[in-house]
>>> print(open('run-v6.cif').read())   # mmCIF, C-alpha atoms
data_start
#
loop_
_atom_site.label_atom_id
_atom_site.label_comp_id
_atom_site.auth_asym_id
_atom_site.auth_seq_id
_atom_site.Cartn_x
_atom_site.Cartn_y
_atom_site.Cartn_z
CA MET T 24 139.70 79.28 -17.21
CA VAL T 25 136.25 79.73 -15.66
CA ILE T 26 133.60 77.00 -15.99
CA CYS T 27 129.92 77.91 -15.65
CA ALA T 28 128.34 74.93 -13.95
CA SER T 29 124.67 75.73 -13.79
CA CYS T 30 122.38 74.12 -16.32
CA LYS T 31 120.37 75.90 -18.98
CA ARG T 32 116.97 76.87 -17.62
CA SER T 33 113.74 77.24 -19.52
CA LYS T 34 112.45 80.71 -20.41
CA GLU T 35 109.56 80.24 -18.03
CA LYS T 36 110.79 79.73 -14.49
CA GLU T 37 109.36 76.48 -13.17
CA ALA T 38 107.26 76.32 -10.03
CA ARG T 39 108.64 74.53 -7.00
CA PHE T 40 107.98 70.80 -6.84
CA ILE T 41 107.31 68.43 -3.96
CA LEU T 42 110.52 66.41 -3.98
CA ASP T 43 108.93 63.50 -2.08
CA ASN T 44 107.39 62.53 -5.42
CA PHE T 45 110.80 62.07 -7.04
CA ALA T 46 112.79 60.27 -4.34
CA THR T 47 111.66 57.37 -2.22
CA LEU T 48 113.08 55.79 0.91
CA GLU T 49 113.42 52.03 0.62
CA PHE T 50 114.64 49.50 3.15
CA ILE T 51 117.17 46.77 2.43
CA ILE T 52 117.51 43.68 4.61
CA PHE T 53 121.21 42.91 5.03
CA GLU T 54 121.82 39.41 6.33
CA GLN T 55 124.65 38.74 8.78
CA PRO T 56 125.42 35.56 10.74
CA GLY T 57 122.78 35.30 13.44
CA LYS T 58 121.01 38.57 12.64
CA SER T 59 119.47 40.76 9.97
CA LEU T 60 120.03 44.49 9.55
CA LEU T 61 117.48 46.90 8.09
CA LEU T 62 119.30 49.58 6.09
CA PRO T 63 117.86 52.72 4.43
CA ASP T 64 118.37 53.43 0.74
CA ILE T 65 117.13 56.57 -1.04
CA LYS T 66 116.32 56.14 -4.73
CA LEU T 67 115.01 58.27 -7.56
CA VAL T 68 111.49 57.65 -8.80
CA ASN T 69 110.86 57.76 -12.55
CA ILE T 70 108.00 60.22 -13.09
CA GLN T 71 107.16 61.53 -16.55
CA ASP T 72 106.41 65.18 -15.94
CA THR T 73 108.41 68.40 -16.34
CA LEU T 74 110.86 67.79 -13.51
CA GLY T 75 110.93 64.03 -14.00
CA THR T 76 111.99 64.50 -17.61
CA VAL T 77 114.86 66.77 -16.56
CA ILE T 78 115.99 64.31 -13.88
CA GLY T 79 115.79 61.43 -16.35
CA LYS T 80 118.30 63.10 -18.68
CA ASN T 81 121.04 63.21 -16.04
CA PRO T 82 119.98 61.06 -13.07
CA ARG T 83 123.43 60.58 -11.58
CA ARG T 84 123.84 64.18 -10.45
CA TYR T 85 120.59 63.85 -8.46
CA GLU T 86 121.63 60.45 -7.11
CA TYR T 87 124.78 62.11 -5.80
CA LEU T 88 122.74 64.67 -3.88
CA LEU T 89 120.52 61.97 -2.38
CA LYS T 90 123.50 59.87 -1.29
CA ASN T 91 125.72 62.69 -0.04
CA ARG T 92 123.54 65.60 1.09
CA ILE T 93 120.98 63.68 3.12
CA ASN T 94 122.15 62.41 6.49
CA VAL T 95 121.21 58.74 6.33
CA ASP T 96 122.48 58.24 9.90
CA SER T 97 119.49 60.28 11.07
CA PHE T 98 117.24 57.39 10.03
CA LEU T 99 118.94 54.90 12.33
CA LYS T 100 117.19 56.09 15.50
CA VAL T 101 113.76 55.52 13.97
CA LEU T 102 114.58 52.81 11.46
CA THR T 103 112.36 50.16 13.02
CA ASP T 104 109.41 52.49 12.43
CA THR T 105 109.35 52.90 8.65
CA THR T 106 106.63 55.56 8.83
CA LYS T 107 108.80 57.78 11.04
CA ALA T 108 111.84 57.09 8.87
CA LYS T 109 109.95 58.24 5.77
CA ALA T 110 108.86 61.39 7.62
CA VAL T 111 112.52 62.13 8.45
CA ASN T 112 113.42 61.58 4.80
CA SER T 113 110.66 63.95 3.70
CA SER T 114 111.93 66.66 6.05
CA PHE T 115 115.40 66.40 4.49
CA LEU T 116 114.08 66.48 0.92
CA ASN T 117 112.02 69.58 1.55
CA ASN T 118 114.34 71.70 3.66
CA ASN T 119 115.65 74.85 2.02
CA GLU T 120 119.29 73.76 1.84
CA PHE T 121 118.62 70.49 0.01
CA GLN T 122 116.08 72.08 -2.31
CA GLY T 123 118.63 74.75 -3.15
CA TYR T 124 121.13 72.05 -4.17
CA PHE T 125 118.49 70.17 -6.15
CA TYR T 126 117.21 73.12 -8.14
CA SER T 127 120.66 74.53 -8.86
CA THR T 128 121.34 71.49 -11.04
CA PHE T 129 118.72 72.38 -13.63
CA TYR T 130 117.98 76.07 -13.51
CA ASP T 131 119.31 79.23 -12.02
CA ASP T 132 118.45 82.89 -12.13
CA GLU T 133 120.17 84.88 -14.86
CA GLY T 134 123.38 86.40 -13.60
CA ASN T 135 123.51 83.94 -10.71
CA GLN T 136 125.29 81.04 -12.37
CA GLY T 137 127.67 78.95 -10.35
CA SER T 138 131.16 79.27 -11.78
CA PHE T 139 134.32 77.34 -10.99
CA ARG T 140 137.92 77.59 -12.05
CA GLU T 141 139.65 74.74 -13.82
CA GLU T 142 141.87 74.34 -10.76
CA GLU T 143 138.80 73.76 -8.60
CA LEU T 144 137.41 71.23 -11.08
CA MET T 145 140.63 69.22 -10.93
CA LYS T 146 140.89 69.49 -7.15
CA ILE T 147 137.38 68.08 -6.73
CA GLY T 148 137.84 65.50 -9.49
CA SER T 149 141.06 64.12 -8.02
CA LYS T 150 139.43 63.38 -4.66
CA PHE T 151 137.21 60.65 -6.12
CA PHE T 152 140.31 58.52 -6.85
CA LEU T 153 141.00 56.56 -3.71
CA ALA T 154 143.96 54.43 -2.67
CA GLU T 155 143.16 51.77 -0.05
CA LYS T 156 145.13 49.21 1.91
CA MET T 157 143.95 45.74 2.88
CA GLY T 158 146.55 43.97 4.96
CA HIS T 159 149.80 44.61 3.11
CA GLN T 160 148.15 45.06 -0.28
CA PHE T 161 147.22 48.41 -1.84
CA ARG T 162 144.45 48.92 -4.36
CA THR T 163 142.86 51.89 -6.10
CA ARG T 164 139.31 52.69 -7.15
CA ILE T 165 136.89 55.53 -7.84
CA CYS T 166 134.71 55.99 -4.78
CA VAL T 167 131.69 58.22 -4.18
CA GLY T 168 131.26 57.57 -0.46
CA ILE T 169 134.67 57.21 1.16
CA ASN T 170 136.98 59.60 -0.66
CA GLY T 171 139.10 62.70 -0.17
CA LEU T 172 136.37 65.33 -0.54
CA ASP T 173 136.27 65.92 3.22
CA GLU T 174 139.86 67.16 2.95
CA VAL T 175 138.94 69.99 0.56
CA GLU T 176 138.63 73.25 2.47
CA TYR T 177 135.40 75.17 1.90
CA PRO T 178 136.15 78.63 3.33
CA TYR T 179 133.97 80.69 1.01
CA LYS T 180 132.47 78.36 -1.57
CA ASP T 181 130.14 75.39 -1.74
CA TYR T 182 131.29 72.77 -4.26
CA THR T 183 128.24 70.50 -4.04
CA LEU T 184 127.09 71.18 -7.60
CA LEU T 185 130.59 70.65 -8.98
CA GLU T 186 130.94 67.41 -7.00
CA ALA T 187 127.66 66.12 -8.47
CA LEU T 188 128.74 66.93 -12.02
CA VAL T 189 132.16 65.32 -11.56
CA TYR T 190 130.53 62.20 -10.10
CA GLU T 191 128.19 62.06 -13.08
CA ALA T 192 131.04 62.51 -15.56
CA LEU T 193 133.15 59.75 -14.00
CA PHE T 194 130.48 57.12 -13.48
CA GLU T 195 128.77 57.65 -16.83
CA ARG T 196 132.12 56.78 -18.42
CA LEU T 197 132.75 53.78 -16.17
CA THR T 198 129.35 52.24 -16.85
CA GLN T 199 129.49 52.41 -20.65
CA GLU T 200 128.94 48.94 -22.09
CA ASN T 201 131.78 47.35 -24.07
CA ALA T 202 134.01 50.34 -23.42
CA GLU T 203 137.73 49.95 -22.80
CA GLU T 204 139.09 50.79 -19.37
CA PRO T 205 139.60 54.56 -19.23
CA THR T 206 143.21 55.66 -19.51
CA LEU T 207 142.78 57.76 -16.40
CA LEU T 208 142.29 54.56 -14.35
CA GLN T 209 145.51 53.15 -15.77
CA ASN T 210 147.18 56.42 -14.80
CA LEU T 211 145.83 56.11 -11.25
CA ASP T 212 147.35 52.64 -10.91
CA ALA T 213 150.67 53.94 -12.22
CA TYR T 214 150.70 56.86 -9.77
CA SER T 215 149.85 54.55 -6.88
CA SER T 216 152.54 52.04 -7.88
CA LYS T 217 155.13 54.81 -8.09
CA ALA T 218 154.21 56.02 -4.60
CA ILE T 219 154.35 52.47 -3.20
CA SER T 220 157.79 51.88 -4.71
CA SER T 221 159.12 55.01 -3.00
CA LEU T 222 158.02 53.95 0.50
CA ASP T 223 160.81 53.64 3.05
CA GLU T 224 161.33 53.75 6.82
CA THR T 225 160.94 57.55 6.89
CA VAL T 226 157.26 57.29 5.91
CA MET T 227 155.21 57.19 9.11
CA ASP T 228 151.87 56.24 7.52
CA SER T 229 152.15 54.37 4.23
CA LEU T 230 148.44 54.60 3.36
CA ASP T 231 148.28 58.36 3.91
CA PHE T 232 151.40 58.78 1.79
CA VAL T 233 150.12 56.68 -1.13
CA ARG T 234 146.65 58.22 -0.94
CA ALA T 235 147.99 61.80 -0.89
CA SER T 236 150.37 61.00 -3.75
CA ALA T 237 147.50 59.63 -5.85
CA PHE T 238 145.32 62.67 -5.13
CA ASP T 239 148.11 65.07 -6.08
CA ALA T 240 148.94 63.18 -9.28
CA MET T 241 145.31 62.92 -10.42
CA GLU T 242 144.83 66.64 -9.78
CA ASN T 243 147.36 67.22 -12.58
CA ASP T 244 146.35 64.32 -14.83
CA ASP T 245 145.78 65.41 -18.44
CA ASP T 246 143.42 62.53 -19.25
CA LEU T 247 141.19 63.38 -16.29
CA LYS T 248 141.18 67.05 -17.27
CA THR T 249 140.27 66.26 -20.88
CA HIS T 250 137.43 63.97 -19.82
CA LEU T 251 135.91 66.32 -17.24
CA LEU T 252 136.11 69.43 -19.41
CA GLY T 253 134.72 67.57 -22.41
CA TYR T 254 131.86 66.03 -20.47
CA ILE T 255 130.83 69.24 -18.76
CA ALA T 256 130.95 71.15 -22.04
CA LEU T 257 128.47 68.67 -23.52
CA LYS T 258 126.20 67.88 -20.60
CA VAL T 259 125.97 70.86 -18.29
CA VAL T 260 123.63 72.69 -20.66
CA ASP T 261 121.26 69.75 -21.26
#
>>> encode(input="run-v6.cif", output="structure tokens")
Amino acid sequence: MVICASCKRSKEKEARFILDNFATLEFIIFEQPGKSLLLPDIKLVNIQDTLGTVIGKNPRRYEYLLKNRINVDSFLKVLTDTTKAKAVNSSFLNNNEFQGYFYSTFYDDEGNQGSFREEELMKIGSKFFLAEKMGHQFRTRICVGINGLDEVEYPYKDYTLLEALVYEALFERLTQENAEEPTLLQNLDAYSSKAISSLDETVMDSLDFVRASAFDAMENDDDLKTHLLGYIALKVVD
């Protein structure tokens, strides 16, 4: 099965936009004993124009790009000078690579749609489901920052757009008010528990074993597949 993952574009191709107008660099003061840390945070700006309206329909896919395709560490060297930090942010927003990611989420040239196989969708989707270990206790969660996406090999294909859509699909579901816990999260806990129960002295790294087991199981999880395919079928053409 092949999934076309570019969004429907308007008949008239839009002009390029200055992305600085739609994403702003803010600074958060993080208090620690005896000191305060100044941390950068990139956020979307709500602007009611052509591009702003498109972003407002599906903001999470753009949030994903801001959080994962801009190197926030680059701000650290100039963080005490907020003017320089904002200039660094602007250079990231307006370089060709980031703009290519940004525009691919809402229009594409005819015949140049990004397409992905169902197997790729499930591979990417499974990597958001993370098993962690704190002391002797394991826990599971869906994570956008620390996850298994770095383990996916990218020999010929860039999965950034697919990652953004999967992130959107998962977190839109998780943030629904008064909604029951998704079955796929219950499945994740069950897969993790099964892996933990099978640990023995032959396992050299228990966390790697449980984490890999959870990734593999979620890659074949029917509830995750149903949710992702259903969401993308509805939203990718908005």
>>> resolve_selection(input="run-v6.cif", expression="the PyMOL selection byres ((chain T and resi 113) around 12)", output="list in words")
Ile41, Leu42, Asp43, Asn44, Phe45, Ala46, Thr47, Leu48, Ile65, Leu89, Ile93, Asn94, Phe98, Thr106, Lys107, Ala108, Lys109, Ala110, Val111, Asn112, Ser114, Phe115, Leu116, Asn117, Asn118, Phe121 and Gln122 of chain T
>>> atom_distance(input="run-v6.cif", atom1="atom CA of T:Lys100", atom2="atom CA of T:Pro82")
29.1 Å
>>> atom_distance(input="run-v6.cif", atom1="atom CA of T:Glu242", atom2="atom CA of T:Met145")
5.1 Å
>>> residues_near_point(input="run-v6.cif", point="(149.9, 52.2, -11.6)", cutoff="12 Å", atoms="only C-alpha atoms", output="list in words")
Ala154, Phe161, Arg162, Thr163, Arg164, Thr206, Leu207, Leu208, Gln209, Asn210, Leu211, Asp212, Ala213, Tyr214, Ser215, Ser216, Lys217, Ala218, Ile219, Ser220, Val233, Ser236, Ala237, Ala240 and Met241 of chain T
>>> closest_residue(input="run-v6.cif", among="T:Glu224, T:Gly158, T:Gly148, T:Leu67", to="T:His250", atoms="only C-alpha atoms")
T:Gly148
>>> resolve_selection(input="run-v6.cif", expression="the PyMOL selection byres ((chain T and resi 153) around 7)", output="ChimeraX atom specification")
/T:151-152,154-155,163-166,170,234
>>> residues_near_point(input="run-v6.cif", point="(124.1, 66.2, -6.8)", cutoff="9 Å", atoms="all atoms listed in the file", output="list of chain:residue names")
T:Arg83, T:Arg84, T:Tyr85, T:Glu86, T:Tyr87, T:Leu88, T:Leu89, T:Lys90, T:Asn91, T:Arg92, T:Tyr124, T:Phe125, T:Thr128, T:Thr183, T:Leu184, T:Leu185, T:Glu186, T:Ala187, T:Leu188, T:Tyr190, T:Glu191
>>> atom_distance(input="run-v6.cif", atom1="atom CA of T:Phe238", atom2="atom CA of T:Lys146")
8.4 Å
>>> closest_residue(input="run-v6.cif", among="T:Leu252, T:Leu230, T:Ala192, T:Ala202", to="T:Asn81", atoms="only C-alpha atoms")
T:Ala192
>>> residues_around(input="run-v6.cif", residues="T:Phe50", least_positions_apart="2", cutoff="9 Å", atoms="all atoms listed in the file", output="CSV table (one decimal) with C-alpha atoms, keeping the file's coordinate frame")
chain,number,residue,atom,x,y,z
T,48,LEU,CA,113.1,55.8,0.9
T,52,ILE,CA,117.5,43.7,4.6
T,61,LEU,CA,117.5,46.9,8.1
T,62,LEU,CA,119.3,49.6,6.1
T,63,PRO,CA,117.9,52.7,4.4
T,64,ASP,CA,118.4,53.4,0.7
T,65,ILE,CA,117.1,56.6,-1.0
T,102,LEU,CA,114.6,52.8,11.5
T,105,THR,CA,109.4,52.9,8.6
>>> closest_residue(input="run-v6.cif", among="T:Thr198, T:Gly57, T:Glu49, T:Tyr126", to="T:Val77", atoms="all atoms listed in the file")
T:Tyr126
>>> decode(input="run-v6.cif", residues="stretch 90-169 of chain T", atoms="C-alpha atoms", output="PDB file, in the first residue's frame")
ATOM      1  CA  LYS T  90      11.309  21.423  17.491  1.00  0.00           C
ATOM      2  CA  ASN T  91      13.156  18.816  15.433  1.00  0.00           C
ATOM      3  CA  ARG T  92      14.600  20.457  12.321  1.00  0.00           C
ATOM      4  CA  ILE T  93      16.101  23.550  13.907  1.00  0.00           C
ATOM      5  CA  ASN T  94      19.290  23.022  15.877  1.00  0.00           C
ATOM      6  CA  VAL T  95      18.457  24.683  19.186  1.00  0.00           C
ATOM      7  CA  ASP T  96      21.970  23.922  20.472  1.00  0.00           C
ATOM      8  CA  SER T  97      23.246  26.533  18.022  1.00  0.00           C
ATOM      9  CA  PHE T  98      21.589  29.203  20.155  1.00  0.00           C
ATOM     10  CA  LEU T  99      23.559  28.302  23.271  1.00  0.00           C
ATOM     11  CA  LYS T 100      26.750  30.091  22.205  1.00  0.00           C
ATOM     12  CA  VAL T 101      24.915  33.393  21.772  1.00  0.00           C
ATOM     13  CA  LEU T 102      22.055  32.885  24.202  1.00  0.00           C
ATOM     14  CA  THR T 103      22.991  35.756  26.495  1.00  0.00           C
ATOM     15  CA  ASP T 104      22.591  38.085  23.511  1.00  0.00           C
ATOM     16  CA  THR T 105      18.932  37.666  22.549  1.00  0.00           C
ATOM     17  CA  THR T 106      19.360  39.784  19.410  1.00  0.00           C
ATOM     18  CA  LYS T 107      22.060  37.449  18.071  1.00  0.00           C
ATOM     19  CA  ALA T 108      20.017  34.405  19.085  1.00  0.00           C
ATOM     20  CA  LYS T 109      17.031  35.679  17.115  1.00  0.00           C
ATOM     21  CA  ALA T 110      19.297  36.285  14.109  1.00  0.00           C
ATOM     22  CA  VAL T 111      20.489  32.660  14.317  1.00  0.00           C
ATOM     23  CA  ASN T 112      16.870  31.512  14.512  1.00  0.00           C
ATOM     24  CA  SER T 113      15.990  33.596  11.452  1.00  0.00           C
ATOM     25  CA  SER T 114      18.833  32.050   9.470  1.00  0.00           C
ATOM     26  CA  PHE T 115      17.501  28.559  10.255  1.00  0.00           C
ATOM     27  CA  LEU T 116      13.916  29.462   9.363  1.00  0.00           C
ATOM     28  CA  ASN T 117      14.899  30.888   6.009  1.00  0.00           C
ATOM     29  CA  ASN T 118      17.495  28.417   4.790  1.00  0.00           C
ATOM     30  CA  ASN T 119      16.492  26.323   1.796  1.00  0.00           C
ATOM     31  CA  GLU T 120      16.388  22.986   3.624  1.00  0.00           C
ATOM     32  CA  PHE T 121      14.003  24.122   6.363  1.00  0.00           C
ATOM     33  CA  GLN T 122      11.802  26.026   3.930  1.00  0.00           C
ATOM     34  CA  GLY T 123      11.602  22.900   1.797  1.00  0.00           C
ATOM     35  CA  TYR T 124      10.324  20.919   4.795  1.00  0.00           C
ATOM     36  CA  PHE T 125       7.881  23.666   5.735  1.00  0.00           C
ATOM     37  CA  TYR T 126       6.317  24.103   2.315  1.00  0.00           C
ATOM     38  CA  SER T 127       6.089  20.377   1.614  1.00  0.00           C
ATOM     39  CA  THR T 128       3.488  20.111   4.372  1.00  0.00           C
ATOM     40  CA  PHE T 129       0.903  22.210   2.560  1.00  0.00           C
ATOM     41  CA  TYR T 130       1.578  22.186  -1.146  1.00  0.00           C
ATOM     42  CA  ASP T 131       3.664  20.391  -3.684  1.00  0.00           C
ATOM     43  CA  ASP T 132       4.097  20.466  -7.418  1.00  0.00           C
ATOM     44  CA  GLU T 133       1.865  18.096  -9.353  1.00  0.00           C
ATOM     45  CA  GLY T 134       3.581  14.785  -9.934  1.00  0.00           C
ATOM     46  CA  ASN T 135       6.026  15.473  -7.110  1.00  0.00           C
ATOM     47  CA  GLN T 136       4.035  14.164  -4.166  1.00  0.00           C
ATOM     48  CA  GLY T 137       5.847  12.488  -1.323  1.00  0.00           C
ATOM     49  CA  SER T 138       4.733   8.880  -1.073  1.00  0.00           C
ATOM     50  CA  PHE T 139       5.420   6.289   1.597  1.00  0.00           C
ATOM     51  CA  ARG T 140       4.673   2.616   1.990  1.00  0.00           C
ATOM     52  CA  GLU T 141       2.574   1.342   4.860  1.00  0.00           C
ATOM     53  CA  GLU T 142       5.674  -0.422   6.187  1.00  0.00           C
ATOM     54  CA  GLU T 143       7.490   2.917   6.383  1.00  0.00           C
ATOM     55  CA  LEU T 144       4.536   4.531   8.160  1.00  0.00           C
ATOM     56  CA  MET T 145       4.574   1.826  10.827  1.00  0.00           C
ATOM     57  CA  LYS T 146       8.360   1.909  11.179  1.00  0.00           C
ATOM     58  CA  ILE T 147       8.293   5.659  11.831  1.00  0.00           C
ATOM     59  CA  GLY T 148       5.176   5.463  14.009  1.00  0.00           C
ATOM     60  CA  SER T 149       6.622   2.766  16.263  1.00  0.00           C
ATOM     61  CA  LYS T 150       9.693   4.853  17.111  1.00  0.00           C
ATOM     62  CA  PHE T 151       7.648   7.422  19.042  1.00  0.00           C
ATOM     63  CA  PHE T 152       6.790   4.770  21.672  1.00  0.00           C
ATOM     64  CA  LEU T 153       9.603   4.829  24.176  1.00  0.00           C
ATOM     65  CA  ALA T 154      10.486   2.498  27.038  1.00  0.00           C
ATOM     66  CA  GLU T 155      12.564   4.102  29.808  1.00  0.00           C
ATOM     67  CA  LYS T 156      14.205   2.910  32.998  1.00  0.00           C
ATOM     68  CA  MET T 157      14.500   4.881  36.227  1.00  0.00           C
ATOM     69  CA  GLY T 158      16.439   2.930  38.812  1.00  0.00           C
ATOM     70  CA  HIS T 159      14.956  -0.554  38.639  1.00  0.00           C
ATOM     71  CA  GLN T 160      11.584   0.606  37.337  1.00  0.00           C
ATOM     72  CA  PHE T 161      10.535   0.654  33.682  1.00  0.00           C
ATOM     73  CA  ARG T 162       7.947   2.985  32.209  1.00  0.00           C
ATOM     74  CA  THR T 163       6.610   3.738  28.736  1.00  0.00           C
ATOM     75  CA  ARG T 164       5.469   6.917  27.028  1.00  0.00           C
ATOM     76  CA  ILE T 165       5.083   8.616  23.662  1.00  0.00           C
ATOM     77  CA  CYS T 166       8.017  10.955  23.182  1.00  0.00           C
ATOM     78  CA  VAL T 167       8.762  13.493  20.454  1.00  0.00           C
ATOM     79  CA  GLY T 168      12.285  14.438  21.535  1.00  0.00           C
ATOM     80  CA  ILE T 169      14.062  11.364  22.865  1.00  0.00           C
TER      81      ILE T 169
END
